[in-house]
Amino acid sequence: MAWILEKEFTFEAAHKLPFHDGKCTRLHGHSYRMTVYVESDRLIESGPKQGMVMDYGDISAMVKPFVDEYLDHWYLNDSTGLENPTSEELARWIFERLRSLGLPLHSVKVCETCTSSAVFCGEPKKKDDKH
Ligand SMILES: [Zn+2]
């Protein structure tokens, strides 16, 4: 049993998919939407954040600088180092980076368009895992 918080971020970025068999091999851009899902099986018990998994503002404080540094108004093939930055690859790359920053992530969703998105889910945390 757990809570999952959702927090959405947007960024504009360019990319190309060199192995695609169609127009995605050409340099083009998207207005990306990305949702981070933060998971916890307990709530903060006291203080100003009582009753929260995490303050939404604290999620933004961790994710926004990351978006600015690697995603927003960047050429993703360069800024991420991904040779073929599909939304699937981006979701995994973002998940791994944000989790290494200490965000207790459940998953990351990357939407290339209003109707197309990919979700990457990490390994479920084990009950005895102290990390
Ligand atoms: Zn594209």
# chains A, B, ... in the order shown; residues from 1 in each chain; ligands from 1
>>> residues_around(residues="range 104-121 of chain A", least_positions_apart="5", cutoff="7 Å", atoms="only C-alpha atoms", output="list in words")
His30, Ser31, Tyr32, Arg33, Met34, Thr35, Val36, Tyr37, Val38, Glu39, Ser87, Glu88, Ala91, Arg92, Phe95 and Arg99 of chain A
>>> closest_atom_pairs(of="chain A", to="ligand 1", cutoff="7 Å", atoms="only C-alpha atoms and all ligand atoms", output="JSON lines")
{"residue": "A:His15", "atom": "CA", "partner": "ligand 1", "partner_atom_place_in_ligand_line": "1 (Zn)", "distance": 6.2}
{"residue": "A:Lys16", "atom": "CA", "partner": "ligand 1", "partner_atom_place_in_ligand_line": "1 (Zn)", "distance": 6.2}
{"residue": "A:Cys24", "atom": "CA", "partner": "ligand 1", "partner_atom_place_in_ligand_line": "1 (Zn)", "distance": 5.7}
{"residue": "A:His28", "atom": "CA", "partner": "ligand 1", "partner_atom_place_in_ligand_line": "1 (Zn)", "distance": 6.3}
{"residue": "A:Gly29", "atom": "CA", "partner": "ligand 1", "partner_atom_place_in_ligand_line": "1 (Zn)", "distance": 6.2}
{"residue": "A:His30", "atom": "CA", "partner": "ligand 1", "partner_atom_place_in_ligand_line": "1 (Zn)", "distance": 6.3}
{"residue": "A:Glu112", "atom": "CA", "partner": "ligand 1", "partner_atom_place_in_ligand_line": "1 (Zn)", "distance": 6.7}
>>> closest_residue(among="A:Gly102, A:Met52, A:Ala13, A:Ala61", to="Ser79 in chain A", atoms="only C-alpha atoms")
A:Ala13
>>> residues_around(residues="Ser60 in chain A", least_positions_apart="6", cutoff="12 Å", atoms="only C-alpha atoms", output="PyMOL selection string")
chain A and resi 6-10+35-36+38+54+66-68+98+103
>>> select_by_dssp(residues="range 31-111 of chain A", states="strand (DSSP E)", output="ChimeraX atom specification")
/A:31-40,74-75,105-111
>>> write_last_selection(atoms="N, CA, C and O atoms", output="short mmCIF file (atom, residue, chain, number, x, y, z; two decimals), in the first residue's frame")
data_model
loop_
_atom_site.label_atom_id
_atom_site.label_comp_id
_atom_site.auth_asym_id
_atom_site.auth_seq_id
_atom_site.Cartn_x
_atom_site.Cartn_y
_atom_site.Cartn_z
N SER A 31 6.84 19.91 -27.87
CA SER A 31 6.50 20.49 -26.58
C SER A 31 6.24 19.31 -25.65
O SER A 31 5.15 18.76 -25.62
N TYR A 32 7.30 18.91 -24.96
CA TYR A 32 7.21 17.71 -24.13
C TYR A 32 6.47 18.00 -22.83
O TYR A 32 6.56 19.10 -22.27
N ARG A 33 5.76 17.00 -22.34
CA ARG A 33 5.24 17.03 -20.98
C ARG A 33 5.83 15.81 -20.27
O ARG A 33 5.91 14.72 -20.85
N MET A 34 6.25 16.02 -19.06
CA MET A 34 6.85 14.92 -18.30
C MET A 34 6.19 14.89 -16.94
O MET A 34 5.99 15.93 -16.30
N THR A 35 5.80 13.71 -16.51
CA THR A 35 5.20 13.57 -15.19
C THR A 35 6.09 12.68 -14.34
O THR A 35 6.49 11.60 -14.79
N VAL A 36 6.45 13.17 -13.16
CA VAL A 36 7.19 12.32 -12.22
C VAL A 36 6.21 11.81 -11.17
O VAL A 36 5.36 12.55 -10.70
N TYR A 37 6.33 10.54 -10.86
CA TYR A 37 5.49 9.89 -9.87
C TYR A 37 6.36 9.52 -8.67
O TYR A 37 7.32 8.75 -8.81
N VAL A 38 6.05 10.10 -7.54
CA VAL A 38 6.82 9.91 -6.31
C VAL A 38 6.02 9.01 -5.38
O VAL A 38 4.83 9.24 -5.16
N GLU A 39 6.69 7.99 -4.85
CA GLU A 39 5.98 6.96 -4.09
C GLU A 39 6.46 6.91 -2.64
O GLU A 39 7.65 7.06 -2.36
N SER A 40 5.52 6.68 -1.74
CA SER A 40 5.90 6.42 -0.35
C SER A 40 4.80 5.61 0.32
O SER A 40 3.63 5.74 -0.02
N TRP A 74 16.99 22.31 -25.29
CA TRP A 74 18.21 21.60 -25.64
C TRP A 74 17.94 20.69 -26.83
O TRP A 74 16.80 20.32 -27.11
N TYR A 75 19.05 20.30 -27.48
CA TYR A 75 19.02 19.26 -28.50
C TYR A 75 19.30 17.96 -27.74
O TYR A 75 20.42 17.73 -27.27
N LEU A 105 11.29 7.86 -6.57
CA LEU A 105 10.44 7.75 -7.75
C LEU A 105 9.77 6.39 -7.86
O LEU A 105 10.38 5.35 -7.59
N HIS A 106 8.55 6.42 -8.33
CA HIS A 106 7.86 5.21 -8.76
C HIS A 106 8.02 5.03 -10.27
O HIS A 106 8.31 3.94 -10.77
N SER A 107 7.84 6.13 -11.01
CA SER A 107 7.93 6.07 -12.46
C SER A 107 8.02 7.47 -13.04
O SER A 107 7.81 8.45 -12.33
N VAL A 108 8.32 7.51 -14.33
CA VAL A 108 8.39 8.78 -15.07
C VAL A 108 7.65 8.59 -16.38
O VAL A 108 7.85 7.59 -17.07
N LYS A 109 6.81 9.56 -16.71
CA LYS A 109 6.10 9.54 -18.00
C LYS A 109 6.58 10.68 -18.87
O LYS A 109 6.73 11.81 -18.39
N VAL A 110 6.86 10.39 -20.12
CA VAL A 110 7.26 11.42 -21.08
C VAL A 110 6.25 11.41 -22.22
O VAL A 110 6.04 10.37 -22.86
N CYS A 111 5.62 12.57 -22.46
CA CYS A 111 4.66 12.72 -23.55
C CYS A 111 5.29 13.56 -24.65
O CYS A 111 5.68 14.70 -24.42
#
>>> atom_distance(atom1="CA of Thr86 in chain A", atom2="CA of Ala14 in chain A")
11.4 Å
>>> select_by_dssp(residues="range 2-129 of chain A", states="alpha helix (DSSP H)", output="mmCIF file with N, CA and C atoms, in the first residue's frame")
data_model
loop_
_atom_site.group_PDB
_atom_site.id
_atom_site.type_symbol
_atom_site.label_atom_id
_atom_site.label_comp_id
_atom_site.auth_asym_id
_atom_site.auth_seq_id
_atom_site.Cartn_x
_atom_site.Cartn_y
_atom_site.Cartn_z
ATOM 1 N N TYR A 56 4.972 19.248 -2.716
ATOM 2 C CA TYR A 56 5.078 19.410 -4.173
ATOM 3 C C TYR A 56 6.155 20.435 -4.533
ATOM 4 N N GLY A 57 6.291 21.436 -3.689
ATOM 5 C CA GLY A 57 7.319 22.451 -3.922
ATOM 6 C C GLY A 57 8.721 21.880 -3.835
ATOM 7 N N ASP A 58 8.910 20.899 -2.967
ATOM 8 C CA ASP A 58 10.229 20.260 -2.845
ATOM 9 C C ASP A 58 10.525 19.392 -4.067
ATOM 10 N N ILE A 59 9.478 18.778 -4.631
ATOM 11 C CA ILE A 59 9.666 18.012 -5.874
ATOM 12 C C ILE A 59 10.126 18.965 -6.977
ATOM 13 N N SER A 60 9.438 20.089 -7.101
ATOM 14 C CA SER A 60 9.822 21.083 -8.120
ATOM 15 C C SER A 60 11.240 21.579 -7.901
ATOM 16 N N ALA A 61 11.608 21.797 -6.659
ATOM 17 C CA ALA A 61 12.944 22.325 -6.362
ATOM 18 C C ALA A 61 14.031 21.354 -6.809
ATOM 19 N N MET A 62 13.735 20.050 -6.829
ATOM 20 C CA MET A 62 14.708 19.075 -7.309
ATOM 21 C C MET A 62 14.651 18.918 -8.823
ATOM 22 N N VAL A 63 13.452 18.952 -9.388
ATOM 23 C CA VAL A 63 13.299 18.586 -10.796
ATOM 24 C C VAL A 63 13.538 19.773 -11.731
ATOM 25 N N LYS A 64 13.116 20.972 -11.333
ATOM 26 C CA LYS A 64 13.222 22.129 -12.239
ATOM 27 C C LYS A 64 14.660 22.413 -12.683
ATOM 28 N N PRO A 65 15.628 22.452 -11.760
ATOM 29 C CA PRO A 65 17.007 22.697 -12.203
ATOM 30 C C PRO A 65 17.517 21.617 -13.162
ATOM 31 N N PHE A 66 17.071 20.388 -12.955
ATOM 32 C CA PHE A 66 17.429 19.274 -13.834
ATOM 33 C C PHE A 66 16.842 19.491 -15.233
ATOM 34 N N VAL A 67 15.586 19.928 -15.277
ATOM 35 C CA VAL A 67 14.935 20.209 -16.565
ATOM 36 C C VAL A 67 15.694 21.315 -17.291
ATOM 37 N N ASP A 68 16.064 22.359 -16.548
ATOM 38 C CA ASP A 68 16.783 23.470 -17.172
ATOM 39 C C ASP A 68 18.158 23.038 -17.676
ATOM 40 N N GLU A 69 18.822 22.164 -16.924
ATOM 41 C CA GLU A 69 20.194 21.795 -17.267
ATOM 42 C C GLU A 69 20.285 20.825 -18.439
ATOM 43 N N TYR A 70 19.279 19.961 -18.593
ATOM 44 C CA TYR A 70 19.400 18.899 -19.603
ATOM 45 C C TYR A 70 18.294 18.850 -20.653
ATOM 46 N N LEU A 76 18.269 17.163 -27.566
ATOM 47 C CA LEU A 76 18.330 16.058 -26.598
ATOM 48 C C LEU A 76 19.394 15.014 -26.949
ATOM 49 N N ASN A 77 19.658 14.819 -28.237
ATOM 50 C CA ASN A 77 20.700 13.846 -28.613
ATOM 51 C C ASN A 77 22.036 14.237 -27.990
ATOM 52 N N ASP A 78 22.290 15.553 -27.877
ATOM 53 C CA ASP A 78 23.526 16.039 -27.256
ATOM 54 C C ASP A 78 23.398 16.132 -25.734
ATOM 55 N N SER A 79 22.337 16.766 -25.268
ATOM 56 C CA SER A 79 22.265 17.112 -23.842
ATOM 57 C C SER A 79 22.118 15.872 -22.957
ATOM 58 N N SER A 87 10.859 8.654 -26.686
ATOM 59 C CA SER A 87 10.251 8.968 -25.389
ATOM 60 C C SER A 87 10.501 7.830 -24.389
ATOM 61 N N GLU A 88 10.600 6.597 -24.890
ATOM 62 C CA GLU A 88 10.916 5.469 -24.007
ATOM 63 C C GLU A 88 12.309 5.620 -23.378
ATOM 64 N N GLU A 89 13.294 5.927 -24.241
ATOM 65 C CA GLU A 89 14.663 6.084 -23.742
ATOM 66 C C GLU A 89 14.773 7.297 -22.819
ATOM 67 N N LEU A 90 14.076 8.375 -23.175
ATOM 68 C CA LEU A 90 14.101 9.575 -22.339
ATOM 69 C C LEU A 90 13.506 9.302 -20.958
ATOM 70 N N ALA A 91 12.392 8.578 -20.939
ATOM 71 C CA ALA A 91 11.736 8.296 -19.651
ATOM 72 C C ALA A 91 12.684 7.513 -18.737
ATOM 73 N N ARG A 92 13.402 6.546 -19.290
ATOM 74 C CA ARG A 92 14.338 5.767 -18.482
ATOM 75 C C ARG A 92 15.519 6.629 -18.025
ATOM 76 N N TRP A 93 16.035 7.429 -18.939
ATOM 77 C CA TRP A 93 17.179 8.292 -18.605
ATOM 78 C C TRP A 93 16.801 9.275 -17.502
ATOM 79 N N ILE A 94 15.633 9.894 -17.634
ATOM 80 C CA ILE A 94 15.169 10.854 -16.618
ATOM 81 C C ILE A 94 14.945 10.140 -15.291
ATOM 82 N N PHE A 95 14.319 8.970 -15.335
ATOM 83 C CA PHE A 95 14.071 8.199 -14.112
ATOM 84 C C PHE A 95 15.384 7.923 -13.381
ATOM 85 N N GLU A 96 16.370 7.435 -14.108
ATOM 86 C CA GLU A 96 17.632 7.054 -13.453
ATOM 87 C C GLU A 96 18.349 8.270 -12.879
ATOM 88 N N ARG A 97 18.339 9.372 -13.608
ATOM 89 C CA ARG A 97 18.996 10.587 -13.109
ATOM 90 C C ARG A 97 18.300 11.131 -11.861
ATOM 91 N N LEU A 98 16.984 11.242 -11.925
ATOM 92 C CA LEU A 98 16.255 11.826 -10.789
ATOM 93 C C LEU A 98 16.314 10.914 -9.569
ATOM 94 N N ARG A 99 16.285 9.614 -9.793
ATOM 95 C CA ARG A 99 16.386 8.720 -8.641
ATOM 96 C C ARG A 99 17.769 8.829 -8.002
ATOM 97 N N SER A 100 18.795 9.013 -8.822
ATOM 98 C CA SER A 100 20.143 9.145 -8.249
ATOM 99 C C SER A 100 20.288 10.458 -7.486
#
>>> decode(residues="range 10-31 of chain A", atoms="N, CA and C atoms", output="PDB file, in the first residue's frame")
ATOM      1  N   THR A  10       6.955  20.751 -18.013  1.00  0.00           N
ATOM      2  CA  THR A  10       6.941  20.853 -19.472  1.00  0.00           C
ATOM      3  C   THR A  10       8.292  21.389 -19.938  1.00  0.00           C
ATOM      4  N   PHE A  11       8.655  21.016 -21.135  1.00  0.00           N
ATOM      5  CA  PHE A  11       9.863  21.581 -21.746  1.00  0.00           C
ATOM      6  C   PHE A  11       9.763  21.477 -23.266  1.00  0.00           C
ATOM      7  N   GLU A  12      10.447  22.410 -23.912  1.00  0.00           N
ATOM      8  CA  GLU A  12      10.529  22.435 -25.374  1.00  0.00           C
ATOM      9  C   GLU A  12      11.906  21.913 -25.743  1.00  0.00           C
ATOM     10  N   ALA A  13      11.950  20.993 -26.689  1.00  0.00           N
ATOM     11  CA  ALA A  13      13.266  20.442 -27.028  1.00  0.00           C
ATOM     12  C   ALA A  13      13.255  19.870 -28.447  1.00  0.00           C
ATOM     13  N   ALA A  14      14.465  19.761 -28.995  1.00  0.00           N
ATOM     14  CA  ALA A  14      14.655  19.180 -30.322  1.00  0.00           C
ATOM     15  C   ALA A  14      15.295  17.805 -30.192  1.00  0.00           C
ATOM     16  N   HIS A  15      15.018  16.968 -31.166  1.00  0.00           N
ATOM     17  CA  HIS A  15      15.718  15.680 -31.228  1.00  0.00           C
ATOM     18  C   HIS A  15      15.591  15.109 -32.634  1.00  0.00           C
ATOM     19  N   LYS A  16      16.314  14.034 -32.873  1.00  0.00           N
ATOM     20  CA  LYS A  16      16.075  13.222 -34.061  1.00  0.00           C
ATOM     21  C   LYS A  16      16.361  11.774 -33.706  1.00  0.00           C
ATOM     22  N   LEU A  17      15.725  10.890 -34.467  1.00  0.00           N
ATOM     23  CA  LEU A  17      15.852   9.447 -34.219  1.00  0.00           C
ATOM     24  C   LEU A  17      16.545   8.840 -35.432  1.00  0.00           C
ATOM     25  N   PRO A  18      17.868   8.637 -35.343  1.00  0.00           N
ATOM     26  CA  PRO A  18      18.641   8.289 -36.543  1.00  0.00           C
ATOM     27  C   PRO A  18      18.268   6.950 -37.173  1.00  0.00           C
ATOM     28  N   PHE A  19      17.633   6.062 -36.413  1.00  0.00           N
ATOM     29  CA  PHE A  19      17.316   4.734 -36.956  1.00  0.00           C
ATOM     30  C   PHE A  19      15.891   4.611 -37.471  1.00  0.00           C
ATOM     31  N   HIS A  20      15.113   5.672 -37.331  1.00  0.00           N
ATOM     32  CA  HIS A  20      13.705   5.608 -37.719  1.00  0.00           C
ATOM     33  C   HIS A  20      13.576   5.444 -39.232  1.00  0.00           C
ATOM     34  N   ASP A  21      12.483   4.837 -39.649  1.00  0.00           N
ATOM     35  CA  ASP A  21      12.289   4.619 -41.087  1.00  0.00           C
ATOM     36  C   ASP A  21      11.400   5.696 -41.709  1.00  0.00           C
ATOM     37  N   GLY A  22      11.244   6.816 -41.017  1.00  0.00           N
ATOM     38  CA  GLY A  22      10.382   7.867 -41.553  1.00  0.00           C
ATOM     39  C   GLY A  22      10.882   9.239 -41.172  1.00  0.00           C
ATOM     40  N   LYS A  23       9.943  10.159 -40.971  1.00  0.00           N
ATOM     41  CA  LYS A  23      10.294  11.573 -40.816  1.00  0.00           C
ATOM     42  C   LYS A  23      11.023  11.887 -39.518  1.00  0.00           C
ATOM     43  N   CYS A  24      11.005  10.972 -38.553  1.00  0.00           N
ATOM     44  CA  CYS A  24      11.661  11.249 -37.271  1.00  0.00           C
ATOM     45  C   CYS A  24      13.184  11.236 -37.356  1.00  0.00           C
ATOM     46  N   THR A  25      13.731  10.841 -38.520  1.00  0.00           N
ATOM     47  CA  THR A  25      15.186  10.974 -38.685  1.00  0.00           C
ATOM     48  C   THR A  25      15.581  12.431 -38.846  1.00  0.00           C
ATOM     49  N   ARG A  26      14.601  13.277 -39.233  1.00  0.00           N
ATOM     50  CA  ARG A  26      14.919  14.702 -39.422  1.00  0.00           C
ATOM     51  C   ARG A  26      14.885  15.421 -38.082  1.00  0.00           C
ATOM     52  N   LEU A  27      15.722  16.442 -37.957  1.00  0.00           N
ATOM     53  CA  LEU A  27      15.727  17.270 -36.751  1.00  0.00           C
ATOM     54  C   LEU A  27      14.369  17.949 -36.608  1.00  0.00           C
ATOM     55  N   HIS A  28      13.744  17.786 -35.437  1.00  0.00           N
ATOM     56  CA  HIS A  28      12.442  18.396 -35.188  1.00  0.00           C
ATOM     57  C   HIS A  28      12.266  18.574 -33.687  1.00  0.00           C
ATOM     58  N   GLY A  29      11.188  19.245 -33.301  1.00  0.00           N
ATOM     59  CA  GLY A  29      10.996  19.532 -31.883  1.00  0.00           C
ATOM     60  C   GLY A  29       9.634  19.097 -31.373  1.00  0.00           C
ATOM     61  N   HIS A  30       9.542  19.032 -30.067  1.00  0.00           N
ATOM     62  CA  HIS A  30       8.271  18.733 -29.404  1.00  0.00           C
ATOM     63  C   HIS A  30       8.086  19.671 -28.219  1.00  0.00           C
ATOM     64  N   SER A  31       6.838  19.906 -27.873  1.00  0.00           N
ATOM     65  CA  SER A  31       6.502  20.491 -26.576  1.00  0.00           C
ATOM     66  C   SER A  31       6.244  19.306 -25.651  1.00  0.00           C
TER      67      SER A  31
END
